[in-house]
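Written out below as C-alpha cells is the structure these notes cover.
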Amino acid sequence: MFDKNKKILWLSIILPIGFLVGSYLGIQYTSNSSNAYFGKSSGQDRVGSVIDYVDKMYVDDVQREHLIEVAIEAITKELDPHTAYLSPEELAIAQEPMQGHFFGIGVEFMLIDDSINVLKTIPGGPSDEAGMKRGDKILFADSTKLFGEEVNNPLILKTLKGEKGSKVNVRIDRNGDSLSFPIIRGSIPIPSVMDYNILLDSIGFIKILRFAETTDDEFFEQLDAVLELGIKNVIIDLRNNGGGYLNSTINICEKLLSKGDLIVYTEGKARPRKNFYAKGSKKYEAPNYYILINENSASASEILAGAFQDNDKATIIGQRSFGKGLVQEEHHLPEKAAIRLTVARYYTPSGRSIQKVYQDSIGNMIDIESYYAADYHGTIDSTEFYTKSGRVVYGGGGIKPDITTEYKDDDEQLSNSIAPLFPLIAYGGINATCFKYAASKDFEFGTIEEFDQNFNLIDFLQFVKARNPDVNLDLKAQYSDYDRNYMKILVARYVFSNSEAQYFSLKIDPDIPFLLQAMENNIKK
C-alpha cells in the first residue's frame, strides 16, 4: 500500500523543514538579456493576430493575458523538459531561494490546528530581537487574522513577508498570555549549505542543498572551519540537490581542483564552446574528497561530481544521478515574467554529455512523469571516455558513481513494530505531533549528546498514540536501534539546529558504511 511512498519516508527526515523552499532541477547562466530584441517574424505576426482576433471577436469575453501565457507554454512544451515559461508569481517563488534571502520577520512556522506555531526564530533576526520565542502562536499581523479554518500558507507568507524596513505589529499567544511585538522586516537568509558535521572525529561532512548565488561563499565558510580542525577527509553531500546557478558551481571547482584542470565546457547553437578551468588553491589540495550523489542530484550537482570524477579528484559514491546536461538562460519578459530557455549543453572534462533521453525514436517528447521518474535514465551511452588517469567512464543518463551503493527503503530497515507509523510519516502527519511532543517538554532536552543518550522511545510513542488513536502501536513490542534513531531525527529537528538534527540522520545513513569502506581502501593504497 505504501510502496510509492518508501522514498518519501527517507526524504522526510533528511530534508530540513526550513529548506523545502523550491529547489529545482536546473542550471542557469547569469542573464542580462531582459531587453534583448530579436526582431519580429511573420510567425510572430500570426500568433499576435490570432490573439487579437480572438480577443476582439470571440462570442464571450476572454482573458487576453491568459491566452498569451497559454501560447507561450505551448511553445515551451515542444522544446525540452527544462525550458519553461514562468509567470510573475512562479518567477518570484523560484528566484527567492536562489537569491539566498528574502525580507520578512524571521521565523520558521508550522500550521497546526488552524494556528501558526513558531518552530524557531532566526538567530539575530527581527522576531528574535523583538522577543518572540519558539512555541508562540501568531494570532494577528496588524489587523489581519491569522488563525482559524481560512488561514493557509499563502496567506501567512503574503502577510508576514514584505518590503525591507517595513513595520508589522505581530500579536501572539504565549501559554494563554496575549503579547504584541512591533517588528521591522529585515533580510532573512535562506542557507543553501548546511553547517558541517564531524564523523568519527576525523571526517568532515558538508551538505549542499542547492547552488544559489551565495553557495560558494557558504561552502568555503564551512570547509575552512572543517580544515582548521585538521580534518583530512571531506564528504560533499549532493544528494537531492537539484542544481542552480552555474557560477556557484564553477567558483567551488575553481579552488578545489588543480590549476589548469578543465571543470566543464558548454556549447550551443548560439553559444560557442566555452571552457571553464580551475585556478587551484594550495589550501584545498590536501584533503581527500568524497562526493555523495543519488537519482535526485541534477545539473549543477552533476557538473561538480563529473569534474571531480574526470579529474580523479574525488571518489563518487551513491546512485546514478538524474541526468541533466542542459543549460538554461533566464530571459526576462514584460510584466515581470520570464522564460527559462535551454541555450547550451554542458560536457564534463572527458567530453561526456550526461543528458538523458527526453525524446523517443521518432522525436516525440517522453511523458514528463516518466522522464522525472527516479529509475528513468534513458539510453546509457556505451562510448568509453577517460579520466585524467585513464580510468574508463561513460556518458548518458547521469553520472555513474565509482561506488554504487545498495539503496534500502526505510521499511526494510525499520522494524515491523514501527510500521503503523508509516502513513503518518509518509504524508507528514507526524510533524505536528513531534512538535507538540517537544513543546510538552518545553523544548528542554539538554545537549545533543544528552538528547541522544536520554531519548525515551516508549514515552514518545505513548504521546503519538494518545494523539493519533487510529495508529495501532504496540508499546510492548521490540524496537530496534534504527527505530530509535529514526524517531530521534523526527523530534530533534524541532529542538536543535538543522545541522545538529542531521547528526542523527548520519547515524542511520545507508551510504555512510560505503564511504567508510572507501576511505579504508584509500588508506591501504
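We name chains A, B, ... following the order of the C-alpha cells; residues begin at 1 in each chain, and ligands are numbered from 1 as shown.
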Exercise: stretch 251-265 of chain A partners within 6 Å, only C-alpha atoms, chain neighbours under 6 positions left out, as a PyMOL selection string | chain A and resi 216+274-281+284+307+346-349
Within 12 Å of A:Asp509, counting only C-alpha atoms, which residues show up once you throw out same-chain ones fewer than 2 positions away? Write them as a ChimeraX atom specification, please.
-> /A:10-11,13-14,199,237,239,292,318,405-410,413,482,485-486,489,502-507,511-516
With C-alpha atoms retained, could you export that selection as a PDB file, in the first residue's frame?
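As written to disk, result_32.pdb reads:
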```pdb
ATOM      1  CA  TRP A  10      13.671   8.830   3.956  1.00  0.00           C
ATOM      2  CA  LEU A  11      13.375  12.233   2.348  1.00  0.00           C
ATOM      3  CA  ILE A  13      13.850  13.051   7.676  1.00  0.00           C
ATOM      4  CA  ILE A  14      16.919  14.190   5.775  1.00  0.00           C
ATOM      5  CA  LEU A 199      32.011  11.950  11.815  1.00  0.00           C
ATOM      6  CA  ASP A 237      26.843  15.606   0.016  1.00  0.00           C
ATOM      7  CA  ARG A 239      22.102  14.042  -2.720  1.00  0.00           C
ATOM      8  CA  LEU A 292      27.653  11.609  -2.441  1.00  0.00           C
ATOM      9  CA  GLY A 318      25.804   6.646  -4.260  1.00  0.00           C
ATOM     10  CA  THR A 405      25.526   1.862  -3.018  1.00  0.00           C
ATOM     11  CA  GLU A 406      22.739  -0.547  -2.227  1.00  0.00           C
ATOM     12  CA  TYR A 407      19.655   1.529  -1.605  1.00  0.00           C
ATOM     13  CA  LYS A 408      17.418   0.244   1.166  1.00  0.00           C
ATOM     14  CA  ASP A 409      13.922   1.518   1.727  1.00  0.00           C
ATOM     15  CA  ASP A 410      13.065   2.578   5.235  1.00  0.00           C
ATOM     16  CA  GLN A 413      15.303  -1.205   7.978  1.00  0.00           C
ATOM     17  CA  TYR A 482      17.316   2.004  13.837  1.00  0.00           C
ATOM     18  CA  ASN A 485      17.459   6.838  15.806  1.00  0.00           C
ATOM     19  CA  TYR A 486      14.743   7.371  13.214  1.00  0.00           C
ATOM     20  CA  ILE A 489      15.516  12.571  13.914  1.00  0.00           C
ATOM     21  CA  GLN A 502      21.463  15.944  10.819  1.00  0.00           C
ATOM     22  CA  TYR A 503      23.743  14.207  13.338  1.00  0.00           C
ATOM     23  CA  PHE A 504      21.058  11.561  13.807  1.00  0.00           C
ATOM     24  CA  SER A 505      20.372  11.223  10.080  1.00  0.00           C
ATOM     25  CA  LEU A 506      24.034  10.378   9.544  1.00  0.00           C
ATOM     26  CA  LYS A 507      23.867   7.635  12.172  1.00  0.00           C
ATOM     27  CA  ASP A 511      25.571   5.412   2.250  1.00  0.00           C
ATOM     28  CA  ILE A 512      27.934   6.062   5.178  1.00  0.00           C
ATOM     29  CA  PRO A 513      29.182   2.432   5.513  1.00  0.00           C
ATOM     30  CA  PHE A 514      30.185   2.517   1.835  1.00  0.00           C
ATOM     31  CA  LEU A 515      32.036   5.783   2.445  1.00  0.00           C
ATOM     32  CA  LEU A 516      33.928   4.381   5.390  1.00  0.00           C
TER      33      LEU A 516
END
```
Apply DSSP to the structure's backbone, then extract all residues of stretch 198-310 of chain A labelled strand (DSSP E) and return them as a VMD selection string.
-> chain A and resid 198 to 199 203 to 207 233 to 237 243 to 245 262 to 268 271 to 277 288 to 293
Skipping near chain neighbours, those fewer than 6 positions away, what residues fall within 10 Å of stretch 127-137 of chain A using only C-alpha atoms, listed as number ranges by chain?
-> A: 104-112, 115-121, 146-147, 170-186, 435-436, 438-440, 442-443, 494-495
Find the residues of stretch 342-458 of chain A that sit at most 9 Å from stretch 79-94 of chain A; for each, write down the nearest two atoms and how far apart they are in Å, to one decimal. Count only C-alpha atoms. Sort by chain, then by number going up, and give it as JSON lines.
```
{"residue": "A:Thr342", "atom": "CA", "partner": "A:Thr83", "partner_atom": "CA", "distance": 5.6}
{"residue": "A:Tyr358", "atom": "CA", "partner": "A:Asp80", "partner_atom": "CA", "distance": 7.1}
{"residue": "A:Gln359", "atom": "CA", "partner": "A:Asp80", "partner_atom": "CA", "distance": 8.5}
{"residue": "A:Met365", "atom": "CA", "partner": "A:Asp80", "partner_atom": "CA", "distance": 7.6}
{"residue": "A:Ile366", "atom": "CA", "partner": "A:Pro81", "partner_atom": "CA", "distance": 8.9}
{"residue": "A:Ile368", "atom": "CA", "partner": "A:Pro81", "partner_atom": "CA", "distance": 7.2}
{"residue": "A:Tyr371", "atom": "CA", "partner": "A:Pro81", "partner_atom": "CA", "distance": 8.3}
```
With a cut-off of 7 Å, could you pull out the residues of stretch 110-209 of chain A touching stretch 226-233 of chain A and give me the nearest pair of atoms for each, distance in Å to one decimal, using only C-alpha atoms, ordered by chain and ascending number, as a tab-separated table?
```
residue	atom	partner	partner_atom	distance
A:Ser202	CA	A:Ile231	CA	5.6
A:Ile203	CA	A:Asn233	CA	5.0
A:Gly204	CA	A:Val226	CA	6.0
```
Can you list, as a ChimeraX atom specification, every protein, DNA or RNA residue that comes within 12 Å of A:Gln99 when you count only C-alpha atoms, leaving out same-chain residues fewer than 2 positions away?
-> /A:21-23,91-97,101-103,187-192,210-215,244-245,248
Can you list, as JSON, numbers by chain, every residue of stretch 156-356 of chain A that DSSP puts in helix (DSSP H, G or I)?
-> {"A": [156, 157, 158, 159, 160, 215, 216, 217, 218, 219, 220, 221, 222, 223, 224, 225, 226, 227, 246, 247, 248, 249, 250, 251, 252, 253, 254, 255, 256, 282, 283, 284, 300, 301, 302, 303, 304, 305, 306, 307, 308, 309, 310, 334, 335, 336]}
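The smallest atom-to-atom distance between A:Phe463 and any of A:Ala477, A:Thr447, A:Ala300, A:Thr433, using only C-alpha atoms, is found for A:Thr433.
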10 Å contact set for A:Asn522, only C-alpha atoms, chain neighbours under 5 positions out, as a compact mmCIF listing (two decimals) with C-alpha atoms, in the first residue's frame:
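out.txt written:
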```
# COMPACT_ATOMS: atom_id res chain seq x y z
CA ASN A 288 40.72 13.53 0.39
CA THR A 315 35.55 9.17 -5.10
CA LEU A 516 33.93 4.38 5.39
CA GLN A 517 34.92 1.34 3.37
```
For A:Val327: contacts at 10 Å, only C-alpha atoms, fewer than 3 positions along chain excluded, given as a ChimeraX atom specification | /A:26-29,82-83,245-246,266-268,299-300,324,340-346
How would the residues just chosen look if you wrote them out with C-alpha atoms as a tab-separated table (two decimals), in the first residue's frame?
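Result written to selection_3.tsv:
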```
chain	number	residue	atom	x	y	z
A	26	GLY	CA	18.15	23.41	-13.31
A	27	ILE	CA	21.36	25.19	-14.04
A	28	GLN	CA	21.36	28.75	-15.27
A	29	TYR	CA	23.63	31.22	-16.90
A	82	HIS	CA	13.68	22.12	-18.77
A	83	THR	CA	12.63	25.02	-20.96
A	245	TYR	CA	23.49	28.60	-10.79
A	246	LEU	CA	26.45	27.64	-12.95
A	266	THR	CA	29.36	24.46	-22.60
A	267	GLU	CA	28.28	24.71	-26.22
A	268	GLY	CA	25.11	25.60	-28.10
A	299	SER	CA	22.57	19.63	-13.30
A	300	ALA	CA	24.96	21.78	-11.24
A	324	LYS	CA	20.54	16.74	-16.90
A	340	ARG	CA	13.92	29.84	-18.88
A	341	LEU	CA	15.33	28.68	-22.22
A	342	THR	CA	17.83	25.92	-22.87
A	343	VAL	CA	20.69	27.62	-24.74
A	344	ALA	CA	23.56	25.13	-24.44
A	345	ARG	CA	24.65	21.65	-23.46
A	346	TYR	CA	27.42	21.08	-20.98
```
Which residues come within 12 Å of stretch 61-66 of chain A, counting only C-alpha atoms, excluding same-chain residues fewer than 4 positions away, as JSON, numbers by chain?
-> {"A": [48, 50, 51, 52, 53, 54, 55, 56, 57, 70, 71, 72, 73, 87, 88, 334, 335, 337]}
So that I have them on file, write out the residues from the current selection with C-alpha atoms, as a tab-separated table (two decimals), in the first residue's frame.
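That gives us again14.tsv:
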```
chain	number	residue	atom	x	y	z
A	48	GLY	CA	-0.36	38.04	-32.31
A	50	VAL	CA	-4.83	35.19	-33.66
A	51	ILE	CA	-4.82	36.50	-30.10
A	52	ASP	CA	-6.03	39.93	-31.29
A	53	TYR	CA	-8.80	38.33	-33.36
A	54	VAL	CA	-9.97	36.05	-30.55
A	55	ASP	CA	-9.86	38.88	-28.05
A	56	LYS	CA	-11.96	41.14	-30.28
A	57	MET	CA	-14.39	38.77	-31.97
A	70	VAL	CA	-1.16	29.53	-22.83
A	71	ALA	CA	0.52	30.25	-26.19
A	72	ILE	CA	3.97	30.64	-24.61
A	73	GLU	CA	3.56	27.49	-22.52
A	87	SER	CA	4.57	33.64	-14.66
A	88	PRO	CA	5.37	36.60	-12.38
A	334	PRO	CA	7.32	42.19	-19.86
A	335	GLU	CA	5.03	42.11	-16.82
A	337	ALA	CA	7.51	37.16	-16.27
```
Any idea what the distance is between atom CA of A:Gln462 and atom CA of A:Arg484?
->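 The value is 13.9 Å.
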